[in-house]
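Novice: Pasting in a structure now, in structure tokens, and then I'll have a few things to ask.
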Amino acid sequence: MEKKIYLDNAATTKTRPEVVEAMLPYFSDMYGNPSSVYEFAAQNKKAIDEARLIIANALGADNSEVYFTASGTEADNWALIATAEAYEAKGNHIITSKVEHHGILHTCEYLQKRGFEVTYIDVDENGVIKLEQLEKAIRPSTILISIMFANNEIGTIQPIKEIGEIAKKHKVLFHTDAVQAFGQLDINVKDLGIDMLSASAHKLNGPKGIGFLYIRKGIRIRSLIHGGAQERGRRAGTENVPYIVGFGKAVQLAMDTRDERVKKEIELREHLIKRILTEIPYTRLNGHRKNRLPNNTNFSFQFIEGESLLIMLDMKNICASSGSACTSGSLDPSHVLLAIGLPHEIAHGSLRLTLSHENTMDEIDYTVDSIKEVVDKLRKMSPLYEDFVRRR
Amino acid sequence: MEKKIYLDNAATTKTRPEVVEAMLPYFSDMYGNPSSVYEFAAQNKKAIDEARLIIANALGADNSEVYFTASGTEADNWALIATAEAYEAKGNHIITSKVEHHGILHTCEYLQKRGFEVTYIDVDENGVIKLEQLEKAIRPSTILISIMFANNEIGTIQPIKEIGEIAKKHKVLFHTDAVQAFGQLDINVKDLGIDMLSASAHKLNGPKGIGFLYIRKGIRIRSLIHGGAQERGRRAGTENVPYIVGFGKAVQLAMDTRDERVKKEIELREHLIKRILTEIPYTRLNGHRKNRLPNNTNFSFQFIEGESLLIMLDMKNICASSGSACTSGSLDPSHVLLAIGLPHEIAHGSLRLTLSHENTMDEIDYTVDSIKEVVDKLRKMSPLYEDFVRRR
Amino acid sequence: MYTKKVMDHFSNPRNMGEIENPSGVGTVGNAKCGDIMRMYLDIDDDGIIQDVKFKTFGCGAAIATSSIATELVKGKTVQDALKVTNKAVVDALDGLPPVKVHCSLLAEEAIHAALWDYAEKNGIKIEGLEKPKDDIHEEEEDVTESY
Amino acid sequence: MYTKKVMDHFSNPRNMGEIENPSGVGTVGNAKCGDIMRMYLDIDDDGIIQDVKFKTFGCGAAIATSSIATELVKGKTVQDALKVTNKAVVDALDGLPPVKVHCSLLAEEAIHAALWDYAEKNGIKIEGLEKPKDDIHEEEEDVTESY
Ligand SMILES: Cc1ncc(COP(=O)(O)O)c(C=O)c1O
Ligand SMILES: Cc1ncc(COP(=O)(O)O)c(C=O)c1O
């Protein structure tokens with residue numbers, strides 16, 4: 001195809017033109033610092049409050065429970081580090097999973113260097129957290145459970161309600177990284193027993209560089225970024241007014257269109273999965289067959305390596321990903337694929353295609369045709385395939 | 001005047017239309033995640049590199065020494081917290097000044113809670129750091145000196161080169177918060193012996209929510225935000241491509257126009273200072289008479305309080321500030337004005353007017369006329385003035 | 001951040017000024033904290049507040065609360081003036097931002113201080129009136145906590 | 001991220017395939033690390049490499065380095081082939097990204113492994129050629145450090 005086919009919506013999404021429209025006035029016209037006294041700035045404060053309310057409503061939260069950050073990663077760091085510091089007197093143990101985003105995993109490693117203890121819970125072959133192992137891991141010194149809402153690589157949705165219940169039963173705080181889930185799945189923090197939740201605008205057609213942390217009222221938590229009294233003294237730094245407004249707009253649009261978007265994405269997804277699995281041999285679908293993000297697919301093609309597959313698809317104008325975007329360029333195969341039990345060589349040959357409502361059936365068909373061709377070409381080059389054929 | 005007169009450019013500035021123009025394509029057209037493999041994303045990586053180079057050139061630094069953050073505050077936090085953690089084995093002592101921004105001061109208080117020791121150096125009546133006191137404060141356990149380049153409230157420029165020499169002599173790292181200075185003053189990090197430097201785009205007609213930390217090559221420093229391998233593994237989170245591009249553009253424009261801007265601002269500033277000091281009795285100029293930011297003025301009007309002054313000026317369409325924007329709404333008078341020795345009641349009656357090259361002489365004259373009228377009105381209401389007149 | 005009522009009283013303060021030979025005058029607050037209020041009362045022989053004036057050094061809310069407080073007590077008996085609470089002041093202004101509520105307390109205290117002065121000068125005791133505190137701010141705590 | 005040369009060799013790899021009854025064949029790397037290279041050599045009685053083929057499982061750089069390496073050794077004597085270093089491979093591709101330089105090492109090793117196999121089969125000793133390591137990656141360290 002002449003046109004680019006963008007199938008990497010889990011990495012980032014296009015900022016909707018309506019969102020850009022909503023942000024524009026706040027750059028060169030209404031540019032006042034929201035913390036200022038004069039009227040010119042007061043309107044910006046109001047704009048921030050409106051965006052906060054839209055987001056709070058989308059979560060079933062109170063608007064005073066939503067704090068803007070500069071990214072999903074910052075929200076993840078904040079939830080972990082500041083909770084650890086605030087509850088240090090109670091205990092030094094944190095529980096998370098082996099399939100978290102690096103925003104969680106590397107923060108846990110950092111906290112381990114500071115003397116905190118972290119237990120990494122296993123997942124089953126579908127990427128679902130082992131609940132009994134989670135409950136057993138809780139100790140008197142456990143202060144926080146952080147389990148992602150849905151996985152960014154394989155799309156598996158975790159049993160959040162059950163985790164919330166376990167956390168509540170043992171009086172442990174529960175944080176969830178909902179960066180992939182927010183905007184796609186139905187989330188009510190009160191119903192699900194979530195104490196803290198991270199999200200990021202650029203995964204739902206908002207701009208890159210703005211996120212939020214939901215912090216349930218009553219939770220003691222320190223600041224991560226110290227300074228001015230912005231965000232009610234909890235997150236310092238002059239407010240990014242345009243992006244906050246854009247985030248609000250993106251969430252509003254995402255909520256308004258969710259049902260139709262999700263319906264279309266699932267339709268495309270199922271078609272894609274069916275064709276790939278039936279038409280390309282030695283291929284598996286990673287992640288849970290049913291409990292997965294509407295827009296996520298993740299395949300492993302035996303005998304070939306992911307990066308060369310990506311580049312060849314790129315030459316056919318298809319944007320895709322292998323593992324998470326942040327780790328490409330690194331030599332390690334995805335920690336998520338290893339956690340679900342894939343051997344290294346198969347993990348290396350994985351491909352993530354994540355859809356948006358803007359994709360078409362034609363694009364999907366063209367993509368499958370291209371993958372077939374490329375996988376075939378790469379297998380012909382592969383010494384592993386050669387050995388396999390010989391052995392047969 | 002009908003038109004708004006914006007005299008709060010130290011709080012934030014208008015994003016230049018050229019900057020907005022430069023950012024726009026990166027929202028809905030070139031929206032790829034720079035960490036991705038495909039060509040569509042590679043152009044964004046290039047755009048980031050270009051912006052980084054512009055900034056590096058403006059500092060006399062290498063482009064590999066510039067790391068983007070989400071704000072000046074984050075850069076300040078990073079410099080302090082991560083240095084403290086990385087050099088903990090060497091010592092636990094940090095030196096800063098009493099007139100720093102809250103981004104530094106509150107981070108120091110946080111570090112003190114974590115067991116670090118902080119010495120806060122005094123300033124003289126002009127706001128200039130006491131160099132002998134600084135040098136004497138250095139101990140074998142001192143790991144970092146953090147002194148701002150220029151003050152955000154009173155505009156005083158610090159003797160950065162001398163501080164750099166002291167730091168080098170005693171083998172202590174030197175960080176400077178140049179959020180107000182960058183773009184206004186000539187800065188060469190190599191000549192000045194600066195090891196780390198914080199800046200923020202929204203103070204120089206770039207967008208709010210993007211900053212950078214310059215980290216000299218060879219400095220061991222941890223991450224503040226942990227996660228993906230962005231910014232060469234030192235600052236995690238999907239890159240804010242539009243703002244990075246906008247920051248680059250803003251810096252380029254700021255550098256290209258600096259001489260004329262500064263010349264015009266100084267002309268306006270001197271006219272403003274002269275009229276205020278000669279026409280309004282019981283008034284003083286705060287900050288250094290000569291070594292001050294081209295666009296900064298800060299006055300104390302005896303017997304009146306700053307907020308009511310601000311609101312009355314606002315009713316005359318003049319946007320101004322008393323103390324720093326972040327602290328307005330709080331009951332405390334500016335820590336900077338107290339540090340230069342002002343008594344509380346005089347500190348309370350301070351007004352900061354910070355100019356931009358877009359201001360005109362007419363605006364300045366109208367502003368002075370308005371201040372005269374308002375100060376007069378408020379003094380008539382003031383019991384302090386009543387007492388003063390009685391006593392005379 | 002302020003209501004229309006506050007802005008109105010701030011920009012057109014009522015009863016601003018001094019009273020020569022007042023029946024009572026009271027000054028509260030201190031410059032350190034950024035607000036000082038002075039109330040002058042002219043009270044007739046029937047104990048009715050015939051006139052009231054104020055002077056205030058302070059923020060917009062401080063000026064507005066002083067102004068509305070003078071309106072609330074003018075024409076009232078000393079006993080009724082005593083019943084003008086800070087809550088009444090806030091309500092009369094259609095509300096104040098939380099950080100500014102202390103200004104309404106100051107206004108209440110200023111009236112009390114002026115009444116106390118009146119009582120002392122005339123050697124009478126006003127039931128329910130206590131000696132004003134020297135510094136109303138002493139008990140308040142810092143409002144910002146950012147770490 | 002790749003040069004034009006790399007992209008050219010990646011999309012149109014030279015000498016891809018197998019040789020029936022090769023003079024020597026060598027396989028290096030391992031699937032765990034994500035790249036495996038296999039080199040087939042056809043060497044005539046004068047010790048000249050008449051033909052060379054490769055198969056590679058790996059990233060774009062791995063495929064391109066294999067391809068260019070076959071071109072660099074084809075027609076050379078065994079001794080000259082031995083002098084084809086990983087640096088020569090990188091240069092011939094107009095450079096590789098730093099994280100991908102290990103691929104060129106792998107290509108060098110693959111040639112050496114095939115030559116070793118040839119030497120063993122023929123009971124000869126090739127001066128300067130050492131027994132290939134079992135796993136070229138073992139000595140490498142993690143490239144990402146994010147905290
Ligand atoms: C001296 C100084 N440092 C730090 C900051 C914080 O910058 P930012 O608003 O980008 O967090 C400011 C301005 O707010 C400042 O003036
Ligand atoms: C599950 C998950 N958590 C966190 C992040 C980080 O979000 P951000 O890029 O806004 O820092 C991402 C995406 O990159 C993600 O997919």
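Simple scheme: letters A, B, ... for chains in structure tokens order, numbers from 1 for residues in each chain, numbers from 1 for ligands in the order shown.
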Ligand 2: which residues are within 6 Å, counting only C-alpha atoms and all ligand atoms? Reply as a list in words.

Specialist: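 Using only C-alpha atoms and all ligand atoms, everything at most 6 Å from ligand 2 comes to Ser71, Gly72, Thr73, His101, Gly103, Asn151, Asn152, Asp177, Val179, Gln180 and Ser200 of chain A; Gly237 and Thr238 of chain B.
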
Novice: Mind listing as a PyMOL selection string which residues of chain C are within 9 Å of chain B, counting only C-alpha atoms?

Specialist: chain C and resi 10-11+16-17+27+30-38+54-63+99-100+142-144+146-147

Novice: Residues of chain A near chain B: apply a cut-off of 6 Å, count only C-alpha atoms, and supply the list as an NGL selection string.

Specialist: :A and (12 or 14-15 or 27-28 or 31 or 33 or 35-36 or 38 or 70 or 73 or 102-103 or 106-107 or 208-209 or 226-229 or 237 or 240 or 314 or 325-326)

Novice: Rounded to one decimal place, report the atom CA of Val189 of chain A-atom CA of Val123 of chain A distance in Å.

Specialist: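 Computed distance, atom CA of Val189 of chain A to atom CA of Val123 of chain A, equals 23.3 Å.
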
Novice: Tell me which of B:Asp186, B:Glu100, B:Asp191, B:Glu279 sits closest to ligand 1, counting only C-alpha atoms and all ligand atoms.

Specialist: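 Answer, going by the shortest atom-to-atom distance: B:Glu100.
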